[in-house]
$ cat my_file-v6.pdb   # PDB, C-alpha atoms
ATOM      1  CA  MET A   1      40.303 129.610  75.399
ATOM      2  CA  ASN A   2      37.393 128.208  77.358
ATOM      3  CA  THR A   3      37.669 124.713  78.686
ATOM      4  CA  ARG A   4      34.707 122.530  79.500
ATOM      5  CA  ASP A   5      35.061 123.369  83.226
ATOM      6  CA  ASP A   6      35.021 127.108  82.471
ATOM      7  CA  GLN A   7      31.819 126.699  80.478
ATOM      8  CA  ALA A   8      30.222 124.672  83.277
ATOM      9  CA  ALA A   9      31.229 127.298  85.824
ATOM     10  CA  THR A  10      29.534 130.093  83.881
ATOM     11  CA  ARG A  11      26.218 128.269  83.361
ATOM     12  CA  PHE A  12      23.136 129.317  85.260
ATOM     13  CA  ALA A  13      22.491 126.998  88.244
ATOM     14  CA  LEU A  14      18.726 126.713  88.713
ATOM     15  CA  PRO A  15      18.640 124.709  91.991
ATOM     16  CA  GLU A  16      21.035 127.104  93.701
ATOM     17  CA  PHE A  17      19.085 130.060  92.283
ATOM     18  CA  LEU A  18      15.853 128.659  93.742
ATOM     19  CA  ILE A  19      17.507 128.303  97.157
ATOM     20  CA  GLY A  20      18.552 131.958  96.991
ATOM     21  CA  ILE A  21      15.036 133.020  95.981
ATOM     22  CA  GLY A  22      13.545 130.919  98.796
ATOM     23  CA  LEU A  23      15.866 132.531 101.311
ATOM     24  CA  LEU A  24      14.960 135.967  99.957
ATOM     25  CA  ALA A  25      11.281 135.079 100.488
ATOM     26  CA  CYS A  26      12.105 134.096 104.094
ATOM     27  CA  ALA A  27      13.803 137.461 104.577
ATOM     28  CA  ALA A  28      10.690 139.194 103.239
ATOM     29  CA  VAL A  29       8.470 137.271 105.674
ATOM     30  CA  VAL A  30      10.754 138.158 108.594
ATOM     31  CA  LEU A  31      10.652 141.811 107.557
ATOM     32  CA  TRP A  32       6.868 141.741 107.126
ATOM     33  CA  GLN A  33       6.349 140.179 110.564
ATOM     34  CA  THR A  34       8.851 142.575 112.156
ATOM     35  CA  LEU A  35       6.913 145.535 110.794
ATOM     36  CA  ALA A  36       3.832 144.123 112.567
ATOM     37  CA  ILE A  37       5.508 144.163 116.016
ATOM     38  CA  PRO A  38       4.010 146.960 118.102
ATOM     39  CA  VAL A  39       6.723 149.289 119.409
ATOM     40  CA  SER A  40       6.080 151.601 122.323
ATOM     41  CA  PRO A  41       7.352 155.169 121.957
ATOM     42  CA  LEU A  42       9.114 154.612 125.292
ATOM     43  CA  TYR A  43      11.868 152.683 123.493
ATOM     44  CA  SER A  44      14.620 154.956 122.300
ATOM     45  CA  LYS A  45      16.780 153.271 119.670
ATOM     46  CA  VAL A  46      16.902 149.685 120.862
ATOM     47  CA  GLY A  47      13.536 148.003 121.012
ATOM     48  CA  PRO A  48      11.946 144.636 120.337
ATOM     49  CA  THR A  49      12.472 144.954 116.584
ATOM     50  CA  VAL A  50      16.256 145.427 116.479
ATOM     51  CA  PHE A  51      17.214 141.754 116.242
ATOM     52  CA  PRO A  52      14.410 140.815 113.821
ATOM     53  CA  TYR A  53      15.502 143.683 111.523
ATOM     54  CA  MET A  54      19.110 142.497 111.756
ATOM     55  CA  THR A  55      17.954 138.971 110.924
ATOM     56  CA  ALA A  56      15.943 140.160 107.907
ATOM     57  CA  ILE A  57      18.891 142.183 106.607
ATOM     58  CA  GLY A  58      21.296 139.280 107.130
ATOM     59  CA  LEU A  59      18.977 136.859 105.336
ATOM     60  CA  ALA A  60      18.506 139.299 102.457
ATOM     61  CA  VAL A  61      22.253 139.850 102.029
ATOM     62  CA  LEU A  62      22.960 136.116 102.176
ATOM     63  CA  SER A  63      20.184 135.358  99.684
ATOM     64  CA  LEU A  64      21.497 137.979  97.250
ATOM     65  CA  LEU A  65      24.987 136.503  97.497
ATOM     66  CA  LEU A  66      23.547 133.043  96.809
ATOM     67  CA  ILE A  67      21.607 134.363  93.816
ATOM     68  CA  VAL A  68      24.739 135.997  92.382
ATOM     69  CA  ALA A  69      26.673 132.763  92.902
ATOM     70  CA  ALA A  70      23.888 130.839  91.124
ATOM     71  CA  LEU A  71      23.981 133.246  88.185
ATOM     72  CA  ARG A  72      27.727 132.614  87.921
ATOM     73  CA  GLY A  73      27.269 128.834  87.792
ATOM     74  CA  GLY A  74      26.493 127.880  91.376
ATOM     75  CA  TRP A  75      28.559 127.130  94.412
ATOM     76  CA  GLN A  76      28.636 123.354  94.078
ATOM     77  CA  PRO A  77      31.584 121.680  92.373
ATOM     78  CA  GLN A  78      30.583 119.842  89.192
ATOM     79  CA  ASP A  79      31.069 116.376  90.701
ATOM     80  CA  GLU A  80      28.654 117.234  93.538
ATOM     81  CA  LYS A  81      26.024 118.403  91.045
ATOM     82  CA  GLU A  82      26.021 114.934  89.511
ATOM     83  CA  THR A  83      25.468 113.191  92.865
ATOM     84  CA  PRO A  84      21.932 111.799  93.084
ATOM     85  CA  VAL A  85      19.629 113.030  95.842
ATOM     86  CA  ASP A  86      19.212 110.618  98.746
ATOM     87  CA  TRP A  87      15.424 110.829  98.995
ATOM     88  CA  LYS A  88      15.225 108.528 102.041
ATOM     89  CA  SER A  89      17.523 110.788 104.047
ATOM     90  CA  MET A  90      15.668 113.857 102.807
ATOM     91  CA  ALA A  91      12.383 112.271 103.920
ATOM     92  CA  PHE A  92      13.700 111.772 107.458
ATOM     93  CA  VAL A  93      14.890 115.390 107.676
ATOM     94  CA  VAL A  94      11.534 116.682 106.414
ATOM     95  CA  ALA A  95       9.702 114.271 108.740
ATOM     96  CA  GLY A  96      11.694 115.678 111.664
ATOM     97  CA  LEU A  97      10.706 119.237 110.811
ATOM     98  CA  ILE A  98       7.052 118.292 110.340
ATOM     99  CA  ALA A  99       7.074 116.253 113.566
ATOM    100  CA  ASN A 100       8.289 119.316 115.445
ATOM    101  CA  LEU A 101       5.448 121.421 114.042
ATOM    102  CA  VAL A 102       2.822 118.768 114.815
ATOM    103  CA  LEU A 103       4.082 117.728 118.259
ATOM    104  CA  ILE A 104       5.073 121.055 119.823
ATOM    105  CA  LYS A 105       1.556 121.905 120.981
ATOM    106  CA  PRO A 106       0.508 118.525 122.444
ATOM    107  CA  LEU A 107       3.914 117.449 123.826
ATOM    108  CA  GLY A 108       5.723 120.726 124.430
ATOM    109  CA  PHE A 109       8.912 122.250 123.071
ATOM    110  CA  THR A 110      11.392 119.804 124.596
ATOM    111  CA  ALA A 111       9.737 116.530 123.564
ATOM    112  CA  ALA A 112       8.983 117.813 120.062
ATOM    113  CA  SER A 113      12.557 119.044 119.685
ATOM    114  CA  VAL A 114      13.978 115.687 120.792
ATOM    115  CA  VAL A 115      11.851 113.834 118.214
ATOM    116  CA  MET A 116      12.938 116.299 115.542
ATOM    117  CA  PHE A 117      16.608 115.975 116.532
ATOM    118  CA  VAL A 118      16.547 112.155 116.416
ATOM    119  CA  LEU A 119      14.822 112.056 113.016
ATOM    120  CA  ILE A 120      17.185 114.609 111.502
ATOM    121  CA  CYS A 121      20.241 112.851 112.916
ATOM    122  CA  TYR A 122      19.000 109.602 111.378
ATOM    123  CA  GLY A 123      18.503 111.410 108.086
ATOM    124  CA  PHE A 124      22.136 112.526 108.238
ATOM    125  CA  GLY A 125      23.273 108.949 108.820
ATOM    126  CA  SER A 126      23.397 108.497 112.590
ATOM    127  CA  LYS A 127      22.694 104.975 113.838
ATOM    128  CA  HIS A 128      22.616 105.905 117.547
ATOM    129  CA  PRO A 129      19.069 107.078 118.354
ATOM    130  CA  LEU A 130      19.498 106.863 122.145
ATOM    131  CA  ARG A 131      22.619 109.018 122.074
ATOM    132  CA  ASP A 132      20.916 111.436 119.689
ATOM    133  CA  ALA A 133      17.870 111.627 121.983
ATOM    134  CA  LEU A 134      20.058 112.443 124.986
ATOM    135  CA  ILE A 135      21.966 115.132 123.079
ATOM    136  CA  GLY A 136      18.683 116.512 121.756
ATOM    137  CA  LEU A 137      17.229 116.539 125.270
ATOM    138  CA  VAL A 138      20.167 118.511 126.668
ATOM    139  CA  LEU A 139      20.070 121.034 123.807
ATOM    140  CA  ALA A 140      16.276 121.400 123.928
ATOM    141  CA  LEU A 141      16.239 121.902 127.714
ATOM    142  CA  ALA A 142      19.016 124.481 127.455
ATOM    143  CA  ALA A 143      17.062 126.344 124.779
ATOM    144  CA  TYR A 144      13.775 126.064 126.665
ATOM    145  CA  PHE A 145      15.124 127.277 130.000
ATOM    146  CA  GLY A 146      17.150 129.956 128.252
ATOM    147  CA  PHE A 147      13.961 131.362 126.781
ATOM    148  CA  ALA A 148      11.680 130.643 129.755
ATOM    149  CA  LYS A 149      13.942 131.755 132.605
ATOM    150  CA  ALA A 150      16.376 134.212 131.073
ATOM    151  CA  LEU A 151      14.009 135.935 128.657
ATOM    152  CA  GLY A 152      10.635 135.161 130.210
ATOM    153  CA  VAL A 153       9.289 133.822 126.903
ATOM    154  CA  ASN A 154       7.078 130.722 126.933
ATOM    155  CA  ILE A 155       7.931 128.663 123.867
ATOM    156  CA  GLY A 156       5.665 125.731 124.681
ATOM    157  CA  ALA A 157       5.788 124.006 128.037
ATOM    158  CA  GLY A 158       4.854 120.338 127.959
ATOM    159  CA  PHE A 159       5.061 117.314 130.230
ATOM    160  CA  ILE A 160       8.887 117.327 130.427
ATOM    161  CA  GLU A 161       8.993 120.986 131.418
ATOM    162  CA  THR A 162       6.169 120.417 133.923
ATOM    163  CA  MET A 163       8.039 117.478 135.501
ATOM    164  CA  LEU A 164      11.113 119.692 135.893
ATOM    165  CA  GLY A 165       9.072 122.455 137.520
ATOM    166  CA  ALA A 166       9.174 125.024 134.783
TER     167      ALA A 166
END
$ encode --input "my_file-v6.pdb" --output "structure tokens"
Amino acid sequence: MNTRDDQAATRFALPEFLIGIGLLACAAVVLWQTLAIPVSPLYSKVGPTVFPYMTAIGLAVLSLLLIVAALRGGWQPQDEKETPVDWKSMAFVVAGLIANLVLIKPLGFTAASVVMFVLICYGFGSKHPLRDALIGLVLALAAYFGFAKALGVNIGAGFIETMLGA
């Protein structure tokens, strides 16, 4: 005998399905861009495309699991599905991501990442922007110098990196 909860659990969950499809599209883009990476025949088995291929495969597997879960009714409990979207918080998270894209070229990786971190923290409910900025600064500098010094990859030096002698 099916109860109401059993019926709800077997319904198709469109929002979760769309998330799975979006993630599958991201996996396809990663794969497409990985195929465009020039690989020298000097590399034996491990080259510059190993980690991007692993990322594409991981994203594809995760997206397929999310799609299957959506077809089985979704992964959210019923009471969470009825919770209204907090559009103000969502706007701050999206604003943080857009700010990073817009500011990375003129300000550099670190400053843009700090702005993004503070906006996203506020979107998630933080009321401590100074603390968030300091945490964001430490994380962004660690990421920047990890890429710049350890890997030799320039991910966007700006005024903060210049002041620190990058």
$ resolve_selection --input "my_file-v6.pdb" --expression "the PyMOL selection byres ((chain A and resi 22) around 12)" --output "VMD selection string"
chain A and resid 15 to 21 23 to 29 59 to 60 62 to 64 66 to 67
$ closest_residue --input "my_file-v6.pdb" --among "A:Ala13, A:Arg131, A:Thr34, A:Phe147" --to "Pro77 in chain A" --atoms "all atoms listed in the file"
A:Ala13
$ atom_distance --input "my_file-v6.pdb" --atom1 "CA of Arg11 in chain A" --atom2 "CA of Gly74 in chain A"
8.0 Å
$ atom_distance --input "my_file-v6.pdb" --atom1 "CA of Asn154 in chain A" --atom2 "CA of Tyr122 in chain A"
28.8 Å
$ residues_near_point --input "my_file-v6.pdb" --point "(12.9, 115.7, 115.4)" --cutoff "10 Å" --atoms "all atoms listed in the file" --output "VMD selection string"
chain A and resid 92 to 101 103 111 to 122 133 136
$ closest_residue --input "my_file-v6.pdb" --among "A:Leu31, A:Met163, A:Ala148, A:Ala36" --to "Pro52 in chain A" --atoms "all atoms listed in the file"
A:Leu31
$ closest_residue --input "my_file-v6.pdb" --among "A:Leu137, A:Ala142, A:Leu107, A:Met54" --to "Ala157 in chain A" --atoms "only C-alpha atoms"
A:Leu107
$ atom_distance --input "my_file-v6.pdb" --atom1 "CA of Leu35 in chain A" --atom2 "CA of Tyr53 in chain A"
8.8 Å
$ residues_around --input "my_file-v6.pdb" --residues "Ile155 in chain A" --least-positions-apart "2" --cutoff "10 Å" --atoms "only C-alpha atoms" --output "PDB file with C-alpha atoms, in the coordinates of the input"
ATOM      1  CA  ILE A 104       5.073 121.055 119.823  1.00  0.00           C
ATOM      2  CA  LYS A 105       1.556 121.905 120.981  1.00  0.00           C
ATOM      3  CA  GLY A 108       5.723 120.726 124.430  1.00  0.00           C
ATOM      4  CA  PHE A 109       8.912 122.250 123.071  1.00  0.00           C
ATOM      5  CA  THR A 110      11.392 119.804 124.596  1.00  0.00           C
ATOM      6  CA  ALA A 143      17.062 126.344 124.779  1.00  0.00           C
ATOM      7  CA  TYR A 144      13.775 126.064 126.665  1.00  0.00           C
ATOM      8  CA  PHE A 145      15.124 127.277 130.000  1.00  0.00           C
ATOM      9  CA  PHE A 147      13.961 131.362 126.781  1.00  0.00           C
ATOM     10  CA  ALA A 148      11.680 130.643 129.755  1.00  0.00           C
ATOM     11  CA  GLY A 152      10.635 135.161 130.210  1.00  0.00           C
ATOM     12  CA  VAL A 153       9.289 133.822 126.903  1.00  0.00           C
ATOM     13  CA  ALA A 157       5.788 124.006 128.037  1.00  0.00           C
ATOM     14  CA  GLY A 158       4.854 120.338 127.959  1.00  0.00           C
TER      15      GLY A 158
END
$ residues_around --input "my_file-v6.pdb" --residues "Thr49 in chain A" --least-positions-apart "6" --cutoff "12 Å" --atoms "only C-alpha atoms" --output "ChimeraX atom specification"
/A:30-40,43,55-56
$ closest_residue --input "my_file-v6.pdb" --among "A:Leu14, A:Val85, A:Ile57, A:Val50" --to "Arg72 in chain A" --atoms "only C-alpha atoms"
A:Leu14
